[in-house]
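Peer 1: What follows is data_14.pdb, PDB, C-alpha atoms.
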```pdb
ATOM      1  CA  MET A   1     101.242 111.140 119.202
ATOM      2  CA  ASN A   2      99.078 108.129 118.329
ATOM      3  CA  ASP A   3      96.360 110.415 117.001
ATOM      4  CA  LEU A   4      93.180 108.501 116.210
ATOM      5  CA  TYR A   5      90.849 109.675 113.434
ATOM      6  CA  GLY A   6      87.300 108.680 112.617
ATOM      7  CA  ILE A   7      86.902 108.384 108.846
ATOM      8  CA  ASP A   8      83.759 107.402 106.980
ATOM      9  CA  PRO A   9      84.802 104.474 104.745
ATOM     10  CA  LYS A  10      82.665 106.094 102.035
ATOM     11  CA  ALA A  11      84.497 109.421 102.269
ATOM     12  CA  PRO A  12      86.821 109.078  99.225
ATOM     13  CA  SER A  13      85.171 109.889  95.910
ATOM     14  CA  SER A  14      88.131 108.754  93.788
ATOM     15  CA  ILE A  15      91.298 106.714  93.892
ATOM     16  CA  SER A  16      93.210 109.993  94.048
ATOM     17  CA  GLU A  17      91.441 110.972  97.277
ATOM     18  CA  LEU A  18      91.932 107.471  98.655
ATOM     19  CA  SER A  19      95.697 107.521  98.059
ATOM     20  CA  SER A  20      96.064 111.085  99.362
ATOM     21  CA  LEU A  21      94.191 110.102 102.513
ATOM     22  CA  LEU A  22      95.837 106.781 103.319
ATOM     23  CA  ARG A  23      99.399 107.997 102.758
ATOM     24  CA  LEU A  24      98.844 110.198 105.837
ATOM     25  CA  PHE A  25      98.197 107.205 108.096
ATOM     26  CA  SER A  26     100.802 104.720 109.279
ATOM     27  CA  PRO A  27     102.582 103.886 112.523
ATOM     28  CA  SER A  28     105.644 105.835 111.354
ATOM     29  CA  GLU A  29     103.426 108.930 111.051
ATOM     30  CA  GLY A  30     101.813 108.331 114.444
ATOM     31  CA  ARG A  31      98.326 108.653 112.925
ATOM     32  CA  PHE A  32      95.728 105.909 113.067
ATOM     33  CA  ILE A  33      92.218 105.169 111.784
ATOM     34  CA  ALA A  34      89.469 103.898 114.062
ATOM     35  CA  ASP A  35      88.042 100.548 112.983
ATOM     36  CA  PHE A  36      84.613 102.147 112.857
ATOM     37  CA  PRO A  37      82.608 100.227 111.869
ATOM     38  CA  MET A  38      84.485  97.033 112.678
ATOM     39  CA  GLY A  39      85.770  95.808 109.340
ATOM     40  CA  TRP A  40      86.505  99.360 108.165
ATOM     41  CA  ALA A  41      88.917  98.151 105.479
ATOM     42  CA  SER A  42      86.277  95.825 104.005
ATOM     43  CA  GLU A  43      83.753  98.678 103.958
ATOM     44  CA  MET A  44      86.275 100.901 102.210
ATOM     45  CA  ARG A  45      87.073  98.142  99.696
ATOM     46  CA  ALA A  46      83.394  97.649  98.865
ATOM     47  CA  HIS A  47      82.893 101.393  98.453
ATOM     48  CA  MET A  48      85.916 101.842  96.207
ATOM     49  CA  SER A  49      85.010  98.851  94.026
ATOM     50  CA  GLY A  50      81.952 100.775  92.908
ATOM     51  CA  LEU A  51      84.039 103.822  91.977
ATOM     52  CA  SER A  52      87.015 102.192  90.260
ATOM     53  CA  ASP A  53      87.370 100.313  87.012
ATOM     54  CA  LEU A  54      88.958  96.886  86.806
ATOM     55  CA  CYS A  55      92.405  98.303  86.071
ATOM     56  CA  GLN A  56      92.373 100.451  89.199
ATOM     57  CA  LEU A  57      91.205  97.772  91.637
ATOM     58  CA  ALA A  58      94.733  96.408  92.160
ATOM     59  CA  THR A  59      95.933  99.893  93.103
ATOM     60  CA  VAL A  60      92.975 100.324  95.432
ATOM     61  CA  GLU A  61      93.783  97.024  97.110
ATOM     62  CA  THR A  62      97.426  98.032  97.576
ATOM     63  CA  TRP A  63      96.437 101.280  99.293
ATOM     64  CA  ILE A  64      93.905  99.557 101.527
ATOM     65  CA  LYS A  65      96.465  96.953 102.596
ATOM     66  CA  LEU A  66      98.905  99.731 103.464
ATOM     67  CA  GLY A  67      96.199 101.564 105.381
ATOM     68  CA  ASN A  68      95.291  98.411 107.274
ATOM     69  CA  HIS A  69      98.513  98.703 109.292
ATOM     70  CA  ALA A  70      97.186 101.954 110.740
ATOM     71  CA  ILE A  71      93.759 100.692 111.824
ATOM     72  CA  LEU A  72      93.138 100.447 115.565
ATOM     73  CA  PRO A  73      90.104  99.267 117.565
ATOM     74  CA  ALA A  74      87.358 101.867 117.826
ATOM     75  CA  PRO A  75      86.764 103.472 121.240
ATOM     76  CA  LYS A  76      82.998 102.826 121.054
ATOM     77  CA  PRO A  77      80.793 100.133 119.456
ATOM     78  CA  TYR A  78      79.192 100.892 116.097
ATOM     79  CA  LYS A  79      75.393 100.742 115.926
ATOM     80  CA  SER A  80      74.329  99.146 112.651
ATOM     81  CA  SER A  81      70.881 100.747 112.884
ATOM     82  CA  LEU A  82      72.440 104.208 112.479
ATOM     83  CA  THR A  83      74.348 105.849 109.650
ATOM     84  CA  TRP A  84      78.087 106.463 109.933
ATOM     85  CA  GLU A  85      77.389 110.169 110.367
ATOM     86  CA  GLU A  86      75.042 109.433 113.286
ATOM     87  CA  ASN A  87      77.454 106.940 114.845
ATOM     88  CA  ALA A  88      80.283 109.452 114.593
ATOM     89  CA  THR A  89      78.690 111.632 117.274
ATOM     90  CA  PHE A  90      79.467 108.916 119.849
ATOM     91  CA  ILE A  91      83.237 108.973 119.195
ATOM     92  CA  ARG A  92      83.771 112.689 118.566
ATOM     93  CA  ASN A  93      85.475 113.115 121.965
ATOM     94  CA  ASP A  94      87.721 110.080 121.416
ATOM     95  CA  VAL A  95      89.280 111.102 118.103
ATOM     96  CA  VAL A  96      91.288 114.040 116.812
ATOM     97  CA  LYS A  97      89.044 114.582 113.824
ATOM     98  CA  LEU A  98      85.958 113.150 112.110
ATOM     99  CA  ILE A  99      86.160 113.050 108.308
ATOM    100  CA  GLY A 100      83.226 112.461 105.988
ATOM    101  CA  PRO A 101      82.373 112.645 102.282
ATOM    102  CA  THR A 102      82.761 116.028 100.635
ATOM    103  CA  ASN A 103      79.357 115.816  98.930
ATOM    104  CA  LYS A 104      77.508 115.168 102.208
ATOM    105  CA  PRO A 105      78.503 118.006 104.538
ATOM    106  CA  ALA A 106      77.668 117.710 108.237
ATOM    107  CA  SER A 107      78.432 120.154 111.023
ATOM    108  CA  HIS A 108      80.503 117.672 113.059
ATOM    109  CA  LEU A 109      82.412 116.195 110.086
ATOM    110  CA  ASP A 110      85.321 117.628 108.107
ATOM    111  CA  PRO A 111      84.751 117.120 104.353
ATOM    112  CA  LEU A 112      87.578 114.962 103.015
ATOM    113  CA  ALA A 113      88.481 117.244 100.097
ATOM    114  CA  HIS A 114      88.811 120.221 102.457
ATOM    115  CA  ALA A 115      90.912 118.271 104.969
ATOM    116  CA  LEU A 116      93.319 117.114 102.255
ATOM    117  CA  ILE A 117      94.136 120.666 101.143
ATOM    118  CA  ASP A 118      94.222 122.208 104.623
ATOM    119  CA  PRO A 119      97.909 122.421 105.684
ATOM    120  CA  ASN A 120      96.875 122.297 109.348
ATOM    121  CA  ALA A 121      94.350 119.453 109.150
ATOM    122  CA  PHE A 122      96.772 116.689 110.161
ATOM    123  CA  ARG A 123      99.176 117.654 112.930
ATOM    124  CA  ASP A 124     102.590 116.068 113.403
ATOM    125  CA  SER A 125     102.035 112.981 115.576
ATOM    126  CA  ARG A 126     105.322 111.133 115.259
ATOM    127  CA  ALA A 127     106.725 111.822 118.722
ATOM    128  CA  ALA A 128     105.879 113.040 122.205
ATOM    129  CA  LEU A 129     107.321 113.672 125.638
ATOM    130  CA  VAL A 130     105.706 110.788 127.494
ATOM    131  CA  PRO A 131     105.441 110.639 131.299
ATOM    132  CA  ARG A 132     107.968 108.171 132.668
ATOM    133  CA  THR A 133     105.419 105.724 134.050
ATOM    134  CA  ALA A 134     104.693 102.094 133.212
ATOM    135  CA  ASN A 135     101.121 102.857 132.165
ATOM    136  CA  ALA A 136     102.157 105.759 129.921
ATOM    137  CA  TYR A 137     104.770 103.648 128.141
ATOM    138  CA  ALA A 138     102.277 100.808 127.634
ATOM    139  CA  GLU A 139      99.595 103.183 126.307
ATOM    140  CA  THR A 140     102.092 104.668 123.858
ATOM    141  CA  ALA A 141     102.995 101.188 122.627
ATOM    142  CA  LYS A 142      99.361 100.121 122.140
ATOM    143  CA  PRO A 143      99.444 100.147 118.313
ATOM    144  CA  ILE A 144     102.219  97.536 118.420
ATOM    145  CA  LEU A 145     100.893  95.505 121.334
ATOM    146  CA  LEU A 146      97.322  95.260 120.031
ATOM    147  CA  LYS A 147      98.133  94.333 116.437
ATOM    148  CA  SER A 148     101.502  92.625 116.090
ATOM    149  CA  ARG A 149     101.951  88.851 116.412
ATOM    150  CA  LYS A 150     105.469  89.447 117.672
ATOM    151  CA  ALA A 151     106.999  92.174 119.819
ATOM    152  CA  VAL A 152     110.685  92.687 120.539
ATOM    153  CA  LEU A 153     112.120  94.869 123.293
ATOM    154  CA  ILE A 154     115.750  95.932 122.859
ATOM    155  CA  ASP A 155     117.546  97.400 125.867
ATOM    156  CA  PRO A 156     121.279  96.755 126.375
ATOM    157  CA  PHE A 157     120.948  97.572 130.085
ATOM    158  CA  ILE A 158     117.632  95.979 131.050
ATOM    159  CA  THR A 159     117.148  94.132 134.306
ATOM    160  CA  PHE A 160     114.127  93.158 136.370
ATOM    161  CA  ARG A 161     115.800  93.179 139.774
ATOM    162  CA  PHE A 162     118.476  95.030 141.768
ATOM    163  CA  LYS A 163     120.207  94.998 145.126
ATOM    164  CA  GLN A 164     120.196  98.048 147.356
ATOM    165  CA  GLN A 165     123.548  99.269 148.601
ATOM    166  CA  ASN A 166     124.891  97.156 151.492
ATOM    167  CA  SER A 167     122.026  94.694 151.070
ATOM    168  CA  GLY A 168     122.115  91.136 149.820
ATOM    169  CA  ARG A 169     118.416  91.085 148.994
ATOM    170  CA  TRP A 170     117.005  91.385 145.473
ATOM    171  CA  TRP A 171     114.289  93.990 144.856
ATOM    172  CA  PRO A 172     111.989  94.334 141.807
ATOM    173  CA  ASP A 173     113.341  96.822 139.264
ATOM    174  CA  ARG A 174     110.944  99.442 137.909
ATOM    175  CA  ARG A 175     111.257  98.075 134.366
ATOM    176  CA  ARG A 176     109.473  94.954 135.542
ATOM    177  CA  ALA A 177     106.250  96.981 135.887
ATOM    178  CA  VAL A 178     106.737  98.413 132.378
ATOM    179  CA  VAL A 179     106.917  95.005 130.713
ATOM    180  CA  LYS A 180     104.013  93.772 132.821
ATOM    181  CA  SER A 181     101.833  96.723 131.738
ATOM    182  CA  MET A 182     102.765  96.183 128.094
ATOM    183  CA  LEU A 183     101.940  92.485 128.174
ATOM    184  CA  LYS A 184      98.590  93.186 129.835
ATOM    185  CA  ILE A 185      97.618  95.382 126.892
ATOM    186  CA  ALA A 186      98.867  92.780 124.412
ATOM    187  CA  GLN A 187      96.763  90.213 126.227
ATOM    188  CA  GLN A 188      93.657  92.322 125.531
ATOM    189  CA  GLY A 189      94.448  92.484 121.813
ATOM    190  CA  LYS A 190      94.741  88.691 121.522
ATOM    191  CA  HIS A 191      97.241  88.947 118.656
ATOM    192  CA  LEU A 192     100.614  88.737 120.366
ATOM    193  CA  GLU A 193     102.118  85.255 120.116
ATOM    194  CA  CYS A 194     105.801  85.928 120.764
ATOM    195  CA  PHE A 195     107.701  88.368 122.994
ATOM    196  CA  GLU A 196     111.488  88.650 123.022
ATOM    197  CA  ILE A 197     113.947  90.777 124.967
ATOM    198  CA  PHE A 198     117.450  91.536 123.686
ATOM    199  CA  TYR A 199     120.173  92.679 126.093
ATOM    200  CA  VAL A 200     123.978  92.970 126.197
ATOM    201  CA  PRO A 201     125.607  90.596 128.751
ATOM    202  CA  GLU A 202     128.927  92.479 128.445
ATOM    203  CA  ASN A 203     127.383  95.433 130.256
ATOM    204  CA  ASN A 204     127.395  93.306 133.421
ATOM    205  CA  ILE A 205     124.146  94.707 134.800
ATOM    206  CA  PRO A 206     123.256  92.981 138.106
ATOM    207  CA  GLY A 207     120.236  90.710 137.824
ATOM    208  CA  THR A 208     120.481  89.974 134.099
ATOM    209  CA  GLU A 209     121.277  86.342 134.893
ATOM    210  CA  PHE A 210     117.685  86.084 136.147
ATOM    211  CA  LEU A 211     116.002  87.798 133.170
ATOM    212  CA  GLU A 212     114.362  84.665 131.788
ATOM    213  CA  GLU A 213     113.168  83.571 135.233
ATOM    214  CA  ASP A 214     111.776  87.040 135.963
ATOM    215  CA  LEU A 215     110.042  87.287 132.589
ATOM    216  CA  ARG A 216     108.447  83.892 133.181
ATOM    217  CA  GLU A 217     107.139  85.183 136.527
ATOM    218  CA  ILE A 218     105.599  88.233 134.841
ATOM    219  CA  VAL A 219     103.883  86.093 132.197
ATOM    220  CA  ASP A 220     102.571  83.731 134.876
ATOM    221  CA  GLU A 221     101.365  86.585 137.096
ATOM    222  CA  ILE A 222      99.074  87.961 134.399
ATOM    223  CA  GLU A 223      98.156  84.469 133.171
ATOM    224  CA  PHE A 224      99.189  85.168 129.582
ATOM    225  CA  GLU A 225      98.559  81.690 128.217
ATOM    226  CA  ASN A 226     100.447  80.262 125.222
ATOM    227  CA  LEU A 227     102.786  83.247 124.918
ATOM    228  CA  ILE A 228     106.179  82.266 123.516
ATOM    229  CA  PHE A 229     108.865  84.365 125.203
ATOM    230  CA  SER A 230     112.639  84.406 125.328
ATOM    231  CA  ILE A 231     115.690  86.394 126.416
ATOM    232  CA  ARG A 232     118.339  86.871 123.741
ATOM    233  CA  PRO A 233     121.895  88.144 124.297
ATOM    234  CA  ILE A 234     123.525  90.409 121.721
ATOM    235  CA  LYS A 235     127.099  91.618 121.395
ATOM    236  CA  LYS A 236     128.102  95.150 122.210
ATOM    237  CA  GLU A 237     128.820  97.005 118.993
ATOM    238  CA  THR A 238     131.171  99.975 119.128
ATOM    239  CA  ASN A 239     129.884 101.429 115.858
ATOM    240  CA  THR A 240     126.265 101.796 116.974
ATOM    241  CA  LYS A 241     124.418 103.928 119.498
ATOM    242  CA  GLN A 242     124.933 102.022 122.734
ATOM    243  CA  HIS A 243     121.945 103.399 124.602
ATOM    244  CA  ALA A 244     119.320 102.912 121.891
ATOM    245  CA  ARG A 245     116.206 101.291 123.347
ATOM    246  CA  TYR A 246     113.382 100.079 121.106
ATOM    247  CA  LEU A 247     110.096  98.247 121.092
ATOM    248  CA  LEU A 248     109.484  96.649 117.699
ATOM    249  CA  GLY A 249     106.475  94.974 116.156
ATOM    250  CA  LEU A 250     106.595  93.219 112.804
ATOM    251  CA  ARG A 251     105.746  96.374 110.858
ATOM    252  CA  SER A 252     106.453  99.275 113.212
ATOM    253  CA  GLY A 253     108.694 100.358 116.055
ATOM    254  CA  LEU A 254     109.148 102.890 118.842
ATOM    255  CA  HIS A 255     112.356 104.496 120.026
ATOM    256  CA  PHE A 256     112.473 105.221 123.769
ATOM    257  CA  ASP A 257     115.184 107.841 124.188
ATOM    258  CA  HIS A 258     115.421 107.421 127.972
ATOM    259  CA  GLY A 259     114.896 103.673 127.894
ATOM    260  CA  PHE A 260     112.228 101.834 129.876
ATOM    261  CA  ASP A 261     113.087 103.038 133.369
ATOM    262  CA  THR A 262     110.370 104.969 135.198
ATOM    263  CA  ASN A 263     110.197 107.748 137.752
ATOM    264  CA  GLU A 264     107.338 109.422 139.609
ATOM    265  CA  ASP A 265     109.081 112.835 139.664
ATOM    266  CA  GLY A 266     107.049 114.206 136.730
ATOM    267  CA  SER A 267     109.882 113.778 134.222
ATOM    268  CA  THR A 268     109.235 112.714 130.633
ATOM    269  CA  ASN A 269     110.758 110.433 128.030
ATOM    270  CA  HIS A 270     111.158 111.396 124.367
ATOM    271  CA  VAL A 271     109.387 108.565 122.517
ATOM    272  CA  GLU A 272     109.039 108.517 118.741
ATOM    273  CA  TRP A 273     107.823 106.252 115.964
ATOM    274  CA  ILE A 274     110.698 104.955 113.881
ATOM    275  CA  SER A 275     110.866 105.956 110.215
ATOM    276  CA  SER A 276     110.903 103.175 107.640
ATOM    277  CA  SER A 277     114.539 103.864 106.694
ATOM    278  CA  VAL A 278     115.622 103.128 110.273
ATOM    279  CA  LEU A 279     112.996 100.474 110.959
ATOM    280  CA  THR A 280     113.892  98.140 108.085
ATOM    281  CA  PRO A 281     117.442  97.273 109.247
ATOM    282  CA  LEU A 282     116.212  96.916 112.851
ATOM    283  CA  LEU A 283     113.514  94.458 111.795
ATOM    284  CA  GLU A 284     116.040  92.498 109.723
ATOM    285  CA  LYS A 285     118.348  92.232 112.715
ATOM    286  CA  PHE A 286     115.898  91.574 115.559
ATOM    287  CA  THR A 287     112.812  89.934 114.074
TER
END
```
Could you take the file, read its structure, and then write that structure out as structure tokens?
Peer 2:
Amino acid sequence: MNDLYGIDPKAPSSISELSSLLRLFSPSEGRFIADFPMGWASEMRAHMSGLSDLCQLATVETWIKLGNHAILPAPKPYKSSLTWEENATFIRNDVVKLIGPTNKPASHLDPLAHALIDPNAFRDSRAALVPRTANAYAETAKPILLKSRKAVLIDPFITFRFKQQNSGRWWPDRRRAVVKSMLKIAQQGKHLECFEIFYVPENNIPGTEFLEEDLREIVDEIEFENLIFSIRPIKKETNTKQHARYLLGLRSGLHFDHGFDTNEDGSTNHVEWISSSVLTPLLEKFT
């Protein structure tokens, strides 16, 4: 899940190769392209402009814009004094695969034409059994948190505090650490402007009356300046899955099958990227 690939922006030799390549990368597929060098899409655009005629440039631009949603920060800096092939050696341990031009074979690069016809070249990356820890959930959500201007967490049963049995004292709920870890990552990306949480008041979960106060405390603790945040109630709907928990960006979303609760017992949570057919109505409703 969240497989990162290093791809030479000069790898495609035709618009056909470009389209075949970029259709494999999107949040819903769980595959991403390293922004290597920074401005990868611009490098690809410049390369393809030299290969395509005027009539094809609009199609090229459409594919590059689609591919842009799957570009994530590179794990290492790019050295402008070196070629892409030479730079690629520095990220080989950080990516699933390195892909280069077919006409310039290199031992550590997979030629693009060969990768596109190999049925095993791009493994299924849409879902995973993720450890039920705050850090693991936040790492899984990185593609949303680093790139989206808005993120929405939907959990009908969320709370940030609870009372132990026979105790009148409030204690921090484990989901508090999850949201805190997620916002810390978003803070690094410097794109997130708005964060919203949707819950169902009818479920009568203790502590939900303090959700906005608790979220404000989390934002203040990590000093996330200028973040717009809010808590939004939604009605319980009998015709929908009542336990569905999601984290949505503006163009992608994750389904957390076991919600956002954590446990240190080694258990896992089935987390998957949401397909476009499911994502579209969710975005219309919650964003």
Peer 1: Identify, on the basis of only C-alpha atoms, every residue whose closest approach to range 148-155 of chain A does not exceed 6 Å; exclude the query and any residue fewer than 6 positions from it along the same chain; express the result as a PyMOL selection string.
Peer 2: chain A and resi 191-199+245-249
Peer 1: Would you write out those residues with C-alpha atoms, as a tab-separated table (two decimals), in the frame of the given file?
Peer 2:
```
chain	number	residue	atom	x	y	z
A	191	HIS	CA	97.24	88.95	118.66
A	192	LEU	CA	100.61	88.74	120.37
A	193	GLU	CA	102.12	85.26	120.12
A	194	CYS	CA	105.80	85.93	120.76
A	195	PHE	CA	107.70	88.37	122.99
A	196	GLU	CA	111.49	88.65	123.02
A	197	ILE	CA	113.95	90.78	124.97
A	198	PHE	CA	117.45	91.54	123.69
A	199	TYR	CA	120.17	92.68	126.09
A	245	ARG	CA	116.21	101.29	123.35
A	246	TYR	CA	113.38	100.08	121.11
A	247	LEU	CA	110.10	98.25	121.09
A	248	LEU	CA	109.48	96.65	117.70
A	249	GLY	CA	106.48	94.97	116.16
```
Peer 1: Give me, please, the distance in Å between CA of Thr59 in chain A and CA of Tyr78 in chain A, quoted to one decimal.
Peer 2: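 It comes out at 28.5 Å.
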Peer 1: Go through A:Asn135, A:Gln188, A:Asn103, A:Ser125 and flag the residue nearest Trp273 in chain A, using all atoms listed in the file for the distances.
Peer 2: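 Answer, going by the shortest atom-to-atom distance: A:Ser125.
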Peer 1: From (123.3, 99.0, 134.1), in the file's coordinates, out to 12 Å: which residues are reached, counting only C-alpha atoms? Answer as a list of chain:residue names.
Peer 2: A:Asp155, A:Pro156, A:Phe157, A:Ile158, A:Thr159, A:Phe160, A:Arg161, A:Phe162, A:Asp173, A:Tyr199, A:Val200, A:Pro201, A:Glu202, A:Asn203, A:Asn204, A:Ile205, A:Pro206, A:Gly207, A:Thr208, A:Gln242, A:His243, A:Gly259, A:Asp261
Peer 1: Scan for residues within 12 Å of the point (83.7, 102.2, 108.4) in the coordinates of the file, using all atoms listed in the file, and reply as a PyMOL selection string.
Peer 2: chain A and resi 5-12+33-47+71-74+77-80+83-85+87-88+98-100
Peer 1: Identify which of the residues A:Leu109, A:Ala177, A:Met1, A:Met182 lies closest to Ala141 in chain A, counting all atoms listed in the file when measuring atom-to-atom distances.
Peer 2: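 For Ala141 in chain A, the nearest of the given residues is A:Met182.
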Peer 1: What does the structure give for the distance between CA of Leu116 in chain A and CA of Glu139 in chain A, in Å to one decimal?
Peer 2: 28.5 Å
Peer 1: Out of A:Ile15, A:Leu4, A:Leu254, A:Val130, which residue has the shortest atom-to-atom distance to Arg92 in chain A when counting all atoms listed in the file?
Peer 2: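 Of the candidates, the smallest distance to Arg92 in chain A is held by A:Leu4.
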Peer 1: Name the residues that the PyMOL selection byres ((chain A and resi 112) around 6) pulls out of this structure, and write them as a VMD selection string.
Peer 2: chain A and resid 99 to 102 111 113 to 115
